[in-house]
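S.K.: I am sharing input32.csv, which consists of CSV, N, CA, C and O atoms:
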```
chain,number,residue,atom,x,y,z
A,175,MET,N,-25.2,-23.6,78.6
A,175,MET,CA,-26.2,-24.5,79.2
A,175,MET,C,-27.0,-25.2,78.1
A,175,MET,O,-27.3,-26.4,78.2
A,176,GLN,N,-27.4,-24.4,77.0
A,176,GLN,CA,-28.2,-25.0,76.0
A,176,GLN,C,-27.5,-26.1,75.2
A,176,GLN,O,-28.1,-27.1,74.8
A,177,LEU,N,-26.2,-25.9,75.1
A,177,LEU,CA,-25.4,-26.9,74.4
A,177,LEU,C,-25.4,-28.2,75.1
A,177,LEU,O,-25.5,-29.3,74.5
A,178,GLU,N,-25.3,-28.1,76.4
A,178,GLU,CA,-25.3,-29.4,77.2
A,178,GLU,C,-26.7,-30.0,77.2
A,178,GLU,O,-26.8,-31.3,77.1
A,179,VAL,N,-27.7,-29.2,77.2
A,179,VAL,CA,-29.1,-29.8,77.1
A,179,VAL,C,-29.2,-30.5,75.7
A,179,VAL,O,-29.8,-31.6,75.6
A,180,ALA,N,-28.7,-29.9,74.6
A,180,ALA,CA,-28.8,-30.5,73.3
A,180,ALA,C,-28.1,-31.8,73.3
A,180,ALA,O,-28.5,-32.8,72.8
A,181,ARG,N,-26.9,-31.8,73.9
A,181,ARG,CA,-26.1,-33.0,74.0
A,181,ARG,C,-26.9,-34.1,74.7
A,181,ARG,O,-26.9,-35.3,74.3
A,182,GLN,N,-27.5,-33.8,75.9
A,182,GLN,CA,-28.2,-34.8,76.6
A,182,GLN,C,-29.4,-35.3,75.9
A,182,GLN,O,-29.8,-36.5,76.0
A,183,MET,N,-30.1,-34.4,75.1
A,183,MET,CA,-31.2,-34.9,74.3
A,183,MET,C,-30.8,-35.9,73.2
A,183,MET,O,-31.5,-36.8,73.0
A,184,VAL,N,-29.6,-35.6,72.6
A,184,VAL,CA,-29.1,-36.6,71.6
A,184,VAL,C,-28.8,-37.9,72.3
A,184,VAL,O,-29.1,-39.0,71.8
A,185,TYR,N,-28.2,-37.9,73.5
A,185,TYR,CA,-27.9,-39.1,74.2
A,185,TYR,C,-29.2,-39.9,74.5
A,185,TYR,O,-29.2,-41.1,74.4
A,186,VAL,N,-30.2,-39.2,75.0
A,186,VAL,CA,-31.5,-39.9,75.3
A,186,VAL,C,-32.0,-40.5,74.0
A,186,VAL,O,-32.5,-41.7,74.0
A,187,ALA,N,-32.0,-39.8,72.9
A,187,ALA,CA,-32.5,-40.3,71.6
A,187,ALA,C,-31.7,-41.5,71.2
A,187,ALA,O,-32.3,-42.5,70.7
A,188,ALA,N,-30.4,-41.5,71.4
A,188,ALA,CA,-29.6,-42.6,71.0
A,188,ALA,C,-29.9,-43.8,71.9
A,188,ALA,O,-29.9,-45.0,71.4
A,189,ALA,N,-30.1,-43.6,73.2
A,189,ALA,CA,-30.4,-44.7,74.1
A,189,ALA,C,-31.8,-45.3,73.7
A,189,ALA,O,-32.0,-46.6,73.7
A,190,LYS,N,-32.8,-44.5,73.3
A,190,LYS,CA,-34.1,-45.0,72.9
A,190,LYS,C,-33.9,-45.8,71.6
A,190,LYS,O,-34.6,-46.8,71.4
A,191,SER,N,-33.0,-45.4,70.7
A,191,SER,CA,-32.8,-46.1,69.5
A,191,SER,C,-32.2,-47.5,69.8
A,191,SER,O,-32.6,-48.5,69.2
A,192,GLU,N,-31.3,-47.6,70.7
A,192,GLU,CA,-30.7,-48.8,71.0
A,192,GLU,C,-31.7,-49.8,71.7
A,192,GLU,O,-31.6,-51.0,71.5
A,193,ARG,N,-32.6,-49.2,72.5
A,193,ARG,CA,-33.6,-50.0,73.1
A,193,ARG,C,-34.8,-50.4,72.2
A,193,ARG,O,-35.6,-51.3,72.5
A,194,GLY,N,-34.9,-49.6,71.1
A,194,GLY,CA,-36.1,-49.8,70.2
A,194,GLY,C,-37.4,-49.3,70.7
A,194,GLY,O,-38.4,-49.8,70.4
A,195,ASP,N,-37.3,-48.2,71.5
A,195,ASP,CA,-38.5,-47.6,72.1
A,195,ASP,C,-39.4,-47.1,71.0
A,195,ASP,O,-39.0,-46.6,70.0
A,196,ALA,N,-40.7,-47.1,71.3
A,196,ALA,CA,-41.7,-46.7,70.3
A,196,ALA,C,-41.8,-45.2,70.1
A,196,ALA,O,-42.2,-44.7,69.1
A,197,ASP,N,-41.3,-44.4,71.1
A,197,ASP,CA,-41.4,-43.0,71.1
A,197,ASP,C,-40.1,-42.4,70.5
A,197,ASP,O,-39.9,-41.2,70.6
A,198,LEU,N,-39.3,-43.2,69.8
A,198,LEU,CA,-38.0,-42.7,69.3
A,198,LEU,C,-38.2,-41.6,68.2
A,198,LEU,O,-37.5,-40.6,68.2
A,199,PRO,N,-39.2,-41.7,67.3
A,199,PRO,CA,-39.4,-40.6,66.3
A,199,PRO,C,-39.6,-39.2,67.0
A,199,PRO,O,-39.0,-38.3,66.5
A,200,PHE,N,-40.3,-39.2,68.0
A,200,PHE,CA,-40.5,-37.9,68.7
A,200,PHE,C,-39.2,-37.4,69.3
A,200,PHE,O,-38.8,-36.2,69.1
A,201,PHE,N,-38.6,-38.2,70.1
A,201,PHE,CA,-37.4,-37.8,70.8
A,201,PHE,C,-36.2,-37.5,69.8
A,201,PHE,O,-35.4,-36.6,70.0
A,202,GLY,N,-36.1,-38.3,68.7
A,202,GLY,CA,-35.1,-38.1,67.7
A,202,GLY,C,-35.3,-36.8,67.0
A,202,GLY,O,-34.4,-36.0,66.8
A,203,ALA,N,-36.6,-36.5,66.6
A,203,ALA,CA,-36.9,-35.2,66.0
A,203,ALA,C,-36.7,-34.0,66.9
A,203,ALA,O,-36.1,-33.0,66.5
A,204,ALA,N,-37.1,-34.2,68.2
A,204,ALA,CA,-36.9,-33.1,69.1
A,204,ALA,C,-35.4,-32.8,69.4
A,204,ALA,O,-35.0,-31.7,69.4
A,205,ALA,N,-34.6,-33.9,69.5
A,205,ALA,CA,-33.2,-33.7,69.7
A,205,ALA,C,-32.5,-33.0,68.5
A,205,ALA,O,-31.7,-32.1,68.7
A,206,LYS,N,-32.8,-33.5,67.3
A,206,LYS,CA,-32.2,-32.9,66.1
A,206,LYS,C,-32.6,-31.5,65.9
A,206,LYS,O,-31.8,-30.6,65.6
A,207,CYS,N,-33.9,-31.2,66.1
A,207,CYS,CA,-34.4,-29.8,65.9
A,207,CYS,C,-33.7,-28.9,67.0
A,207,CYS,O,-33.2,-27.8,66.6
A,208,PHE,N,-33.7,-29.3,68.2
A,208,PHE,CA,-33.1,-28.4,69.2
A,208,PHE,C,-31.6,-28.2,69.0
A,208,PHE,O,-31.1,-27.1,69.2
A,209,ALA,N,-30.9,-29.3,68.7
A,209,ALA,CA,-29.5,-29.3,68.5
A,209,ALA,C,-29.1,-28.4,67.3
A,209,ALA,O,-28.2,-27.6,67.4
A,210,SER,N,-29.9,-28.5,66.3
A,210,SER,CA,-29.6,-27.6,65.1
A,210,SER,C,-29.8,-26.1,65.4
A,210,SER,O,-29.1,-25.3,65.0
A,211,ASP,N,-30.9,-25.8,66.2
A,211,ASP,CA,-31.1,-24.5,66.6
A,211,ASP,C,-30.0,-23.9,67.5
A,211,ASP,O,-29.6,-22.8,67.4
A,212,VAL,N,-29.6,-24.8,68.4
A,212,VAL,CA,-28.5,-24.4,69.3
A,212,VAL,C,-27.2,-24.1,68.6
A,212,VAL,O,-26.5,-23.2,68.8
A,213,ALA,N,-26.9,-25.0,67.6
A,213,ALA,CA,-25.7,-24.9,66.8
A,213,ALA,C,-25.7,-23.6,66.0
A,213,ALA,O,-24.7,-22.9,66.0
A,214,MET,N,-26.9,-23.2,65.5
A,214,MET,CA,-27.0,-22.0,64.7
A,214,MET,C,-26.8,-20.8,65.7
A,214,MET,O,-26.1,-19.8,65.3
A,215,LYS,N,-27.4,-20.8,66.9
A,215,LYS,CA,-27.2,-19.8,67.8
A,215,LYS,C,-25.8,-19.6,68.3
A,215,LYS,O,-25.3,-18.5,68.4
A,216,VAL,N,-25.1,-20.7,68.6
A,216,VAL,CA,-23.7,-20.7,69.0
A,216,VAL,C,-22.8,-20.1,67.9
A,216,VAL,O,-22.0,-19.2,68.2
A,217,THR,N,-23.0,-20.5,66.7
A,217,THR,CA,-22.2,-20.0,65.6
A,217,THR,C,-22.4,-18.5,65.3
A,217,THR,O,-21.5,-17.7,65.1
A,218,THR,N,-23.7,-18.1,65.4
A,218,THR,CA,-24.0,-16.7,65.2
A,218,THR,C,-23.5,-15.9,66.3
A,218,THR,O,-22.9,-14.8,66.1
A,219,ASP,N,-23.6,-16.3,67.6
A,219,ASP,CA,-23.0,-15.6,68.7
A,219,ASP,C,-21.4,-15.5,68.6
A,219,ASP,O,-20.9,-14.5,68.9
A,220,ALA,N,-20.8,-16.6,68.0
A,220,ALA,CA,-19.3,-16.5,67.9
A,220,ALA,C,-18.9,-15.5,66.8
A,220,ALA,O,-18.0,-14.7,67.1
A,221,VAL,N,-19.7,-15.4,65.8
A,221,VAL,CA,-19.4,-14.3,64.8
A,221,VAL,C,-19.6,-12.9,65.4
A,221,VAL,O,-18.8,-12.0,65.2
A,222,GLN,N,-20.7,-12.8,66.2
A,222,GLN,CA,-20.9,-11.5,66.8
A,222,GLN,C,-19.8,-11.2,67.8
A,222,GLN,O,-19.3,-10.0,67.9
A,223,LEU,N,-19.4,-12.2,68.6
A,223,LEU,CA,-18.3,-12.0,69.6
A,223,LEU,C,-17.0,-11.6,69.0
A,223,LEU,O,-16.3,-10.7,69.4
A,224,LEU,N,-16.6,-12.3,67.9
A,224,LEU,CA,-15.3,-12.1,67.3
A,224,LEU,C,-15.4,-11.0,66.2
A,224,LEU,O,-14.3,-10.7,65.6
A,225,GLY,N,-16.5,-10.3,66.0
A,225,GLY,CA,-16.6,-9.2,65.1
A,225,GLY,C,-16.5,-9.6,63.7
A,225,GLY,O,-16.2,-8.7,62.8
A,226,GLY,N,-16.7,-10.8,63.3
A,226,GLY,CA,-16.7,-11.2,61.9
A,226,GLY,C,-15.4,-11.6,61.4
A,226,GLY,O,-15.3,-11.8,60.2
A,227,TYR,N,-14.3,-11.6,62.2
A,227,TYR,CA,-13.0,-12.0,61.6
A,227,TYR,C,-13.1,-13.4,61.0
A,227,TYR,O,-13.6,-14.3,61.7
A,228,GLY,N,-12.6,-13.5,59.8
A,228,GLY,CA,-12.6,-14.8,59.1
A,228,GLY,C,-13.9,-15.1,58.4
A,228,GLY,O,-14.0,-16.1,57.7
A,229,TYR,N,-14.8,-14.1,58.5
A,229,TYR,CA,-16.1,-14.3,57.8
A,229,TYR,C,-16.4,-13.2,56.9
A,229,TYR,O,-16.8,-13.3,55.8
A,230,ASN,N,-16.3,-11.9,57.4
A,230,ASN,CA,-16.6,-10.7,56.6
A,230,ASN,C,-15.5,-10.4,55.6
A,230,ASN,O,-14.3,-10.4,56.0
A,231,PRO,N,-15.9,-10.0,54.4
A,231,PRO,CA,-14.9,-9.5,53.4
A,231,PRO,C,-14.2,-8.2,54.0
A,231,PRO,O,-14.9,-7.4,54.6
A,232,GLY,N,-13.0,-8.0,53.7
A,232,GLY,CA,-12.3,-6.8,54.1
A,232,GLY,C,-11.6,-6.9,55.4
A,232,GLY,O,-10.8,-6.1,55.8
A,233,LEU,N,-11.9,-8.0,56.2
A,233,LEU,CA,-11.2,-8.2,57.4
A,233,LEU,C,-10.1,-9.3,57.2
A,233,LEU,O,-10.3,-10.1,56.4
A,234,PRO,N,-9.1,-9.3,58.1
A,234,PRO,CA,-8.1,-10.4,57.9
A,234,PRO,C,-8.7,-11.8,58.0
A,234,PRO,O,-9.5,-12.0,58.9
A,235,GLY,N,-8.4,-12.6,57.0
A,235,GLY,CA,-9.0,-13.9,57.0
A,235,GLY,C,-10.4,-14.0,56.5
A,235,GLY,O,-11.1,-15.0,56.5
A,236,GLY,N,-10.9,-12.8,56.0
A,236,GLY,CA,-12.3,-12.7,55.5
A,236,GLY,C,-12.5,-13.5,54.2
A,236,GLY,O,-11.6,-14.1,53.6
A,237,ALA,N,-13.7,-13.3,53.6
A,237,ALA,CA,-14.1,-14.1,52.4
A,237,ALA,C,-13.2,-13.7,51.2
A,237,ALA,O,-13.1,-14.5,50.3
A,238,ASP,N,-12.6,-12.5,51.2
A,238,ASP,CA,-11.8,-12.1,50.1
A,238,ASP,C,-10.3,-12.4,50.3
A,238,ASP,O,-9.5,-12.0,49.5
A,239,ASP,N,-10.0,-13.1,51.4
A,239,ASP,CA,-8.6,-13.4,51.7
A,239,ASP,C,-8.1,-14.4,50.7
A,239,ASP,O,-8.8,-15.3,50.2
A,240,ALA,N,-6.8,-14.1,50.3
A,240,ALA,CA,-6.2,-15.0,49.2
A,240,ALA,C,-6.2,-16.4,49.6
A,240,ALA,O,-6.3,-17.3,48.7
A,241,ARG,N,-6.0,-16.7,50.9
A,241,ARG,CA,-6.0,-18.1,51.3
A,241,ARG,C,-7.3,-18.8,51.0
A,241,ARG,O,-7.3,-20.0,50.6
A,242,ARG,N,-8.4,-18.1,51.2
A,242,ARG,CA,-9.7,-18.7,50.9
A,242,ARG,C,-9.9,-18.9,49.4
A,242,ARG,O,-10.6,-19.8,49.0
A,243,GLN,N,-9.3,-18.0,48.6
A,243,GLN,CA,-9.5,-18.2,47.2
A,243,GLN,C,-8.8,-19.4,46.7
A,243,GLN,O,-9.2,-20.1,45.8
A,244,ASP,N,-7.6,-19.7,47.3
A,244,ASP,CA,-6.8,-20.8,46.8
A,244,ASP,C,-7.3,-22.1,47.4
A,244,ASP,O,-7.0,-23.2,46.8
A,245,HIS,N,-8.0,-22.1,48.5
A,245,HIS,CA,-8.4,-23.3,49.2
A,245,HIS,C,-9.9,-23.3,49.4
A,245,HIS,O,-10.4,-22.8,50.4
A,246,PRO,N,-10.7,-23.8,48.4
A,246,PRO,CA,-12.1,-23.8,48.5
A,246,PRO,C,-12.7,-24.5,49.8
A,246,PRO,O,-13.8,-24.3,50.3
A,247,ASP,N,-11.9,-25.5,50.3
A,247,ASP,CA,-12.4,-26.3,51.4
A,247,ASP,C,-12.4,-25.4,52.7
A,247,ASP,O,-13.2,-25.7,53.6
A,248,LEU,N,-11.7,-24.2,52.7
A,248,LEU,CA,-11.8,-23.3,53.8
A,248,LEU,C,-13.2,-22.6,53.8
A,248,LEU,O,-13.6,-22.1,54.8
A,249,ARG,N,-13.8,-22.6,52.7
A,249,ARG,CA,-15.1,-21.9,52.6
A,249,ARG,C,-16.3,-22.8,52.9
A,249,ARG,O,-17.4,-22.3,53.0
A,250,ARG,N,-16.1,-24.1,52.9
A,250,ARG,CA,-17.2,-25.0,52.9
A,250,ARG,C,-18.0,-25.0,54.3
A,250,ARG,O,-19.1,-25.3,54.3
A,251,ASN,N,-17.3,-24.5,55.3
A,251,ASN,CA,-18.0,-24.5,56.6
A,251,ASN,C,-18.7,-23.1,56.9
A,251,ASN,O,-19.2,-22.9,58.0
A,252,GLU,N,-18.6,-22.2,56.0
A,252,GLU,CA,-19.3,-20.9,56.2
A,252,GLU,C,-20.8,-21.2,56.1
A,252,GLU,O,-21.3,-21.9,55.2
A,253,PRO,N,-21.6,-20.6,57.0
A,253,PRO,CA,-23.0,-20.8,57.0
A,253,PRO,C,-23.6,-20.1,55.8
A,253,PRO,O,-23.2,-19.0,55.4
A,254,GLY,N,-24.6,-20.7,55.2
A,254,GLY,CA,-25.3,-20.1,54.0
A,254,GLY,C,-26.5,-19.4,54.5
A,254,GLY,O,-26.7,-19.3,55.8
A,255,PRO,N,-27.3,-19.0,53.6
A,255,PRO,CA,-28.6,-18.3,54.1
A,255,PRO,C,-29.5,-19.3,54.7
A,255,PRO,O,-29.5,-20.5,54.4
A,256,THR,N,-30.3,-18.8,55.7
A,256,THR,CA,-31.3,-19.7,56.4
A,256,THR,C,-32.6,-19.6,55.6
A,256,THR,O,-33.2,-18.5,55.7
A,257,PRO,N,-33.0,-20.6,55.0
A,257,PRO,CA,-34.3,-20.6,54.2
A,257,PRO,C,-35.5,-20.7,55.2
A,257,PRO,O,-35.3,-21.0,56.3
A,258,GLY,N,-36.6,-20.4,54.7
A,258,GLY,CA,-37.9,-20.4,55.5
A,258,GLY,C,-38.4,-21.8,55.6
A,258,GLY,O,-39.4,-22.1,56.2
A,259,HIS,N,-37.8,-22.7,54.9
A,259,HIS,CA,-38.2,-24.1,55.0
A,259,HIS,C,-37.0,-25.0,55.2
A,259,HIS,O,-35.8,-24.5,55.2
A,260,GLY,N,-37.2,-26.3,55.4
A,260,GLY,CA,-36.0,-27.1,55.7
A,260,GLY,C,-36.2,-28.0,56.8
A,260,GLY,O,-37.3,-28.4,57.2
A,261,PRO,N,-35.1,-28.5,57.5
A,261,PRO,CA,-35.2,-29.5,58.5
A,261,PRO,C,-36.0,-29.1,59.7
A,261,PRO,O,-36.9,-29.8,60.2
A,262,SER,N,-35.8,-27.9,60.2
A,262,SER,CA,-36.5,-27.5,61.5
A,262,SER,C,-38.0,-27.5,61.3
A,262,SER,O,-38.7,-28.1,62.1
A,263,PRO,N,-38.6,-26.8,60.3
A,263,PRO,CA,-40.1,-26.8,60.2
A,263,PRO,C,-40.6,-28.2,59.9
A,263,PRO,O,-41.7,-28.6,60.4
A,264,THR,N,-39.8,-29.0,59.2
A,264,THR,CA,-40.3,-30.4,58.9
A,264,THR,C,-40.3,-31.2,60.2
A,264,THR,O,-41.2,-32.0,60.5
A,265,LEU,N,-39.2,-31.0,61.0
A,265,LEU,CA,-39.2,-31.7,62.3
A,265,LEU,C,-40.2,-31.2,63.3
A,265,LEU,O,-40.8,-32.0,64.0
A,266,LEU,N,-40.5,-29.9,63.2
A,266,LEU,CA,-41.6,-29.4,64.1
A,266,LEU,C,-42.9,-30.0,63.7
A,266,LEU,O,-43.8,-30.2,64.6
A,267,ALA,N,-43.1,-30.2,62.4
A,267,ALA,CA,-44.4,-30.9,62.0
A,267,ALA,C,-44.5,-32.3,62.5
A,267,ALA,O,-45.5,-32.8,62.9
A,268,THR,N,-43.3,-33.0,62.6
A,268,THR,CA,-43.3,-34.3,63.2
A,268,THR,C,-43.6,-34.3,64.7
A,268,THR,O,-44.3,-35.2,65.2
A,269,LEU,N,-43.2,-33.2,65.3
A,269,LEU,CA,-43.4,-33.2,66.8
A,269,LEU,C,-44.8,-32.8,67.1
A,269,LEU,O,-45.3,-33.1,68.2
A,270,SER,N,-45.5,-32.1,66.2
A,270,SER,CA,-46.9,-31.7,66.6
A,270,SER,C,-47.9,-32.8,66.3
A,270,SER,O,-47.7,-33.8,65.8
```
Take the structure I supplied and represent it as structure tokens, if you would.
M.R.:
Amino acid sequence: MQLEVARQMVYVAAAKSERGDADLPFFGAAAKCFASDVAMKVTTDAVQLLGGYGYNPGLPGGADDARRQDHPDLRRNEPGPTPGHGPSPTLLATLS
């Protein structure tokens, strides 16, 4: 449900951009902030659901898998650490 809400928020922000609405910065920041939070939640839930296969070292397809060593592009989509600063707090400051 949250994924669909995020998608609709992005569509609304895109429509406001095409119309040139004055409240675009608020809706754009809200859509981006919410969508990025939902994306992180969905990916975290997927790792929890699948038990870390393809992510944890020592499991088939994990970080120490030979295929990942030979192909660095397979590692580029792995999530990194979540810092205490970055896009979400900056966007939240825009929203307040």
S.K.: Which distance in Å separates atom O of A:Gln222 and atom O of A:Phe208, to one decimal?
M.R.: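 Atom O of A:Phe208 lies 20.8 Å from atom O of A:Gln222.
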S.K.: In Å, with one decimal, what is the gap from atom CA of A:Ala209 to atom CA of A:Ala187?
M.R.: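 Distance between the two atoms: 11.8 Å.
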S.K.: Mind giving me the straight-line distance from atom CA of A:Gln176 to atom N of A:Asp197 in Å, one decimal?
M.R.: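 About the pair atom CA of A:Gln176 and atom N of A:Asp197: they are 23.9 Å apart.
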S.K.: Measuring between all atoms listed in the file, which one of A:Met214, A:Leu269, A:Leu177, A:Leu223 shows the shortest distance to A:Phe201?
M.R.: A:Leu269
S.K.: So which one's closest to A:Pro199, A:Pro263, A:Ala220, A:Asp211, A:Val186? Using only C-alpha atoms, please.
M.R.: A:Val186
S.K.: Hey, which of A:Val184, A:Glu178, A:Thr218, A:Ala213 ends up closest to A:Phe200? Count only C-alpha atoms.
M.R.: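 Among the listed residues, the smallest separation from A:Phe200 belongs to A:Val184.
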S.K.: I want to know what sits within 9 Å of A:Ala180, based on only C-alpha atoms, with residues of the same chain fewer than 5 positions away left out; could you give that as a tab-separated table (two decimals) with N, CA, C and O atoms, in the frame of the given file?
M.R.:
```
chain	number	residue	atom	x	y	z
A	175	MET	N	-25.20	-23.60	78.60
A	175	MET	CA	-26.20	-24.50	79.20
A	175	MET	C	-27.00	-25.20	78.10
A	175	MET	O	-27.30	-26.40	78.20
A	185	TYR	N	-28.20	-37.90	73.50
A	185	TYR	CA	-27.90	-39.10	74.20
A	185	TYR	C	-29.20	-39.90	74.50
A	185	TYR	O	-29.20	-41.10	74.40
A	205	ALA	N	-34.60	-33.90	69.50
A	205	ALA	CA	-33.20	-33.70	69.70
A	205	ALA	C	-32.50	-33.00	68.50
A	205	ALA	O	-31.70	-32.10	68.70
A	206	LYS	N	-32.80	-33.50	67.30
A	206	LYS	CA	-32.20	-32.90	66.10
A	206	LYS	C	-32.60	-31.50	65.90
A	206	LYS	O	-31.80	-30.60	65.60
A	208	PHE	N	-33.70	-29.30	68.20
A	208	PHE	CA	-33.10	-28.40	69.20
A	208	PHE	C	-31.60	-28.20	69.00
A	208	PHE	O	-31.10	-27.10	69.20
A	209	ALA	N	-30.90	-29.30	68.70
A	209	ALA	CA	-29.50	-29.30	68.50
A	209	ALA	C	-29.10	-28.40	67.30
A	209	ALA	O	-28.20	-27.60	67.40
A	210	SER	N	-29.90	-28.50	66.30
A	210	SER	CA	-29.60	-27.60	65.10
A	210	SER	C	-29.80	-26.10	65.40
A	210	SER	O	-29.10	-25.30	65.00
A	212	VAL	N	-29.60	-24.80	68.40
A	212	VAL	CA	-28.50	-24.40	69.30
A	212	VAL	C	-27.20	-24.10	68.60
A	212	VAL	O	-26.50	-23.20	68.80
```
S.K.: Could you tell me which of A:Val216, A:Ala267, A:Leu224, A:Ala203 comes closest to A:Ala188 if we count only C-alpha atoms?
M.R.: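 The answer is A:Ala203, which sits nearest to A:Ala188.
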